[in-house]
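Trainee: This one is entry15.cif, mmCIF, C-alpha atoms.
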data_structure
loop_
_atom_site.label_atom_id
_atom_site.label_comp_id
_atom_site.auth_asym_id
_atom_site.auth_seq_id
_atom_site.Cartn_x
_atom_site.Cartn_y
_atom_site.Cartn_z
CA MET A 1 -0.13 8.73 -76.31
CA ALA A 2 -2.45 7.32 -78.95
CA PRO A 3 -5.80 5.95 -77.70
CA SER A 4 -4.85 2.41 -78.66
CA THR A 5 -1.57 2.68 -76.73
CA ARG A 6 -3.38 4.02 -73.66
CA HIS A 7 -5.76 1.07 -73.86
CA LEU A 8 -2.84 -1.37 -74.00
CA THR A 9 -1.20 0.24 -70.99
CA ALA A 10 -4.44 0.05 -69.00
CA ARG A 11 -4.75 -3.64 -69.83
CA GLU A 12 -1.30 -4.20 -68.28
CA SER A 13 -2.20 -2.65 -64.95
CA ALA A 14 -3.96 -4.23 -61.99
CA ALA A 15 -6.82 -2.86 -59.95
CA ALA A 16 -7.79 -3.37 -56.32
CA VAL A 17 -11.04 -2.63 -54.55
CA ALA A 18 -11.61 -2.85 -50.80
CA VAL A 19 -15.17 -3.64 -49.80
CA ILE A 20 -16.99 -3.08 -46.51
CA PRO A 21 -18.74 -6.42 -46.04
CA ASP A 22 -21.31 -5.58 -43.38
CA ALA A 23 -23.78 -2.93 -42.32
CA ALA A 24 -21.99 -2.30 -39.00
CA GLY A 25 -18.73 -1.40 -40.75
CA PHE A 26 -20.65 0.65 -43.27
CA ALA A 27 -22.28 2.63 -40.43
CA LEU A 28 -18.82 3.43 -39.03
CA MET A 29 -17.73 4.85 -42.39
CA ARG A 30 -20.80 7.07 -42.62
CA ARG A 31 -19.22 9.39 -40.02
CA TYR A 32 -16.92 10.69 -42.78
CA ALA A 33 -18.55 13.38 -44.91
CA SER A 34 -16.50 12.34 -47.94
CA PHE A 35 -17.95 8.82 -47.75
CA ARG A 36 -21.09 9.68 -49.67
CA HIS A 37 -22.82 6.31 -49.82
CA THR A 38 -26.17 6.30 -48.05
CA ASP A 39 -27.10 2.63 -47.67
CA HIS A 40 -25.12 -0.59 -47.51
CA ALA A 41 -27.16 -2.51 -50.09
CA GLY A 42 -26.76 0.30 -52.62
CA TYR A 43 -23.06 0.53 -51.80
CA LEU A 44 -22.65 -3.20 -52.52
CA ARG A 45 -24.50 -2.88 -55.85
CA ARG A 46 -22.27 0.03 -56.91
CA THR A 47 -19.16 -1.82 -55.77
CA GLU A 48 -20.14 -4.84 -57.84
CA ARG A 49 -20.62 -2.63 -60.92
CA LEU A 50 -17.21 -1.06 -60.27
CA LEU A 51 -15.58 -4.47 -60.02
CA ARG A 52 -17.09 -5.56 -63.34
CA ALA A 53 -15.91 -2.35 -65.02
CA LEU A 54 -12.38 -2.60 -63.60
CA ALA A 55 -12.07 -6.26 -64.52
CA GLY A 56 -13.12 -5.38 -68.06
CA ARG A 57 -10.50 -2.64 -68.31
CA HIS A 58 -7.62 -4.13 -66.33
CA GLY A 59 -8.03 -7.87 -66.63
CA HIS A 60 -6.80 -8.54 -63.08
CA THR A 61 -8.78 -7.06 -60.24
CA SER A 62 -8.39 -8.08 -56.63
CA VAL A 63 -10.74 -7.52 -53.73
CA ALA A 64 -9.72 -6.82 -50.14
CA LEU A 65 -11.67 -6.45 -46.93
CA PHE A 66 -12.11 -2.81 -45.87
CA ASP A 67 -12.02 -2.65 -42.07
CA PRO A 68 -13.18 0.78 -40.83
CA LEU A 69 -11.38 0.41 -37.49
CA GLY A 70 -8.20 -0.70 -39.21
CA TYR A 71 -8.62 2.23 -41.59
CA ALA A 72 -8.86 4.73 -38.73
CA GLU A 73 -5.72 3.23 -37.16
CA PHE A 74 -3.91 3.34 -40.51
CA CYS A 75 -4.77 7.02 -40.98
CA GLU A 76 -3.64 7.89 -37.47
CA ARG A 77 -0.37 5.97 -37.86
CA GLU A 78 0.34 7.51 -41.28
CA GLY A 79 -0.78 11.03 -40.34
CA LEU A 80 -3.59 11.03 -42.93
CA ASP A 81 -6.96 12.71 -42.83
CA PRO A 82 -9.43 9.79 -42.76
CA ASP A 83 -12.14 11.92 -44.35
CA THR A 84 -10.71 11.89 -47.87
CA PRO A 85 -11.04 9.55 -50.84
CA ALA A 86 -7.24 9.72 -51.28
CA SER A 87 -6.70 8.25 -47.80
CA ARG A 88 -9.16 5.45 -48.54
CA ALA A 89 -7.29 4.76 -51.80
CA ARG A 90 -3.95 4.58 -49.95
CA TYR A 91 -5.46 2.19 -47.41
CA THR A 92 -6.81 0.03 -50.23
CA ALA A 93 -3.39 -0.02 -51.90
CA ARG A 94 -1.79 -1.09 -48.62
CA LEU A 95 -4.36 -3.86 -48.21
CA ALA A 96 -3.80 -5.04 -51.77
CA SER A 97 -0.04 -5.28 -51.21
CA ARG A 98 0.01 -6.72 -47.68
CA GLY A 99 -3.40 -8.02 -46.72
CA ALA A 100 -5.70 -10.83 -47.66
CA THR A 101 -7.17 -10.48 -51.14
CA VAL A 102 -9.12 -12.62 -53.56
CA PRO A 103 -9.16 -12.26 -57.33
CA TYR A 104 -12.37 -11.00 -58.88
CA ALA A 105 -13.60 -13.31 -61.63
CA GLY A 106 -17.01 -11.79 -62.36
CA GLU A 107 -18.93 -13.46 -59.55
CA SER A 108 -21.52 -11.59 -57.49
CA LEU A 109 -20.52 -10.13 -54.15
CA ASP A 110 -22.91 -12.62 -52.52
CA LEU A 111 -20.47 -15.33 -53.60
CA LEU A 112 -17.26 -13.31 -53.33
CA LEU A 113 -17.68 -11.93 -49.79
CA PRO A 114 -17.70 -15.34 -48.02
CA ALA A 115 -14.50 -16.27 -49.88
CA LEU A 116 -12.94 -12.93 -48.93
CA LEU A 117 -13.91 -13.32 -45.27
CA ALA A 118 -12.48 -16.86 -45.23
CA GLU A 119 -9.22 -15.65 -46.81
CA HIS A 120 -9.04 -12.84 -44.24
CA ALA A 121 -9.51 -15.36 -41.40
CA ARG A 122 -6.80 -17.62 -42.89
CA ARG A 123 -4.42 -14.65 -43.11
CA GLU A 124 -5.08 -13.60 -39.50
CA THR A 125 -4.55 -17.19 -38.31
CA TRP A 126 -1.28 -17.43 -40.25
CA GLU A 127 -0.05 -14.12 -38.79
CA ALA A 128 -0.99 -15.16 -35.24
CA GLY A 129 0.76 -18.52 -35.67
CA THR A 130 3.85 -16.85 -37.09
CA GLY A 131 3.93 -14.51 -34.10
CA LEU A 132 3.67 -17.38 -31.64
CA LEU A 133 6.43 -19.32 -33.40
CA ALA A 134 8.67 -16.25 -33.51
CA ALA A 135 8.20 -15.82 -29.77
CA ALA A 136 9.23 -19.45 -29.24
CA GLY A 137 12.83 -18.56 -30.09
CA ALA A 138 15.28 -21.02 -31.57
CA CYS A 139 14.71 -24.62 -32.59
CA PRO A 140 16.18 -26.90 -29.91
CA ASP A 141 17.51 -29.29 -32.58
CA CYS A 142 19.31 -26.96 -34.97
CA GLY A 143 19.22 -23.43 -33.50
CA ALA A 144 17.36 -21.90 -36.44
CA PRO A 145 14.30 -19.78 -35.73
CA ALA A 146 11.46 -22.03 -34.54
CA SER A 147 9.17 -20.49 -37.13
CA ARG A 148 11.44 -21.78 -39.94
CA CYS A 149 11.62 -25.30 -38.55
CA ALA A 150 7.89 -25.49 -37.94
#
Take the structure in the file and write it out as structure tokens.

Mentor:
Amino acid sequence: MAPSTRHLTARESAAAVAVIPDAAGFALMRRYASFRHTDHAGYLRRTERLLRALAGRHGHTSVALFDPLGYAEFCEREGLDPDTPASRARYTARLASRGATVPYAGESLDLLLPALLAEHARRETWEAGTGLLAAAGACPDCGAPASRCA
């Protein structure tokens, strides 16, 4: 493939990055030898540089919340070794397709992380509400699922 064609193909793909928003989550990830970051502030600076680079190459880049406990559960459920970059990439892909994400538009992580945390909270609230409505059964007026009528 010619270099110009490769560049066009890259521009038509999307990128996703999952970020660990806090020092406590970062400390949990440090137990994995393949997670080679040494400090949370440095990790956030490198993540912000990565986001800028990906947005420049791909055009659309989304950001998800990396939850170390959710990651460990994901790896256990999927039979993956949690101490590999490939497993973290699969988790990120799953988050990008099913979890709460926000688009990256060049802003600093100081501005992006509060928006991401708010989107994550909205998504969790929506999922909890959907679960409660599903448990409610059928609509007494029409018999359709209560979640649909709500």

Trainee: Using all atoms listed in the file, which of A:Gly79, A:Gly25, A:Pro103, A:Gly131 sits nearest Phe66 of chain A?

Mentor: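 Closest residue, counting all atoms listed in the file: A:Gly25.
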
Trainee: Atom CA of His58 of chain A and atom CA of Ala16 of chain A are how many Å apart?

Mentor: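 Computed distance, atom CA of His58 of chain A to atom CA of Ala16 of chain A, equals 10.0 Å.
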
Trainee: Any idea what the distance is between atom CA of Arg45 of chain A and atom CA of Leu80 of chain A?

Mentor: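 Computing it gives 28.2 Å between the two atoms.
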
Trainee: May I ask which of the residues A:Ala100, A:Thr61, A:Ala14, A:Asp83 is the closest one to Glu124 of chain A, counting all atoms listed in the file?

Mentor: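 Smallest distance to Glu124 of chain A is found for A:Ala100.
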
Trainee: Residue by residue, what does the PyMOL selection byres ((chain A and resi 104) around 8) grab here? Present the result as a count of residues only.

Mentor: 12

Trainee: Atom CA of Tyr71 of chain A to atom CA of Pro114 of chain A: how many Å, to one decimal?

Mentor: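 Straight-line distance from atom CA of Tyr71 of chain A to atom CA of Pro114 of chain A works out to 20.8 Å.
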
Trainee: Which residues would end up in the selection if the PyMOL selection byres ((chain A and resi 86-92) around 12) were applied here, given that I need the answer as a VMD selection string?

Mentor: chain A and resid 15 to 20 29 32 34 to 35 62 to 85 93 to 101

Trainee: For Ala136 of chain A, list every protein, DNA or RNA residue within 9 Å, evaluated using only C-alpha atoms, and leave out those in the same chain fewer than 5 positions away; present the list as a list in words.

Mentor: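 Listing them by chain and then by number gives Gly131, Pro145, Ala146 and Ser147 of chain A.
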
Trainee: With only C-alpha atoms as the basis for distance, which of A:Ala128, A:Pro21, A:Gly56, A:Ala144 is at the shortest distance from Leu116 of chain A?

Mentor: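 Of A:Ala128, A:Pro21, A:Gly56, A:Ala144, the one nearest Leu116 of chain A, counting only C-alpha atoms, is A:Pro21.
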
Trainee: Out of A:Arg49, A:Arg148, A:His120, A:His37, which residue has the shortest atom-to-atom distance to Ser108 of chain A when counting all atoms listed in the file?

Mentor: A:Arg49
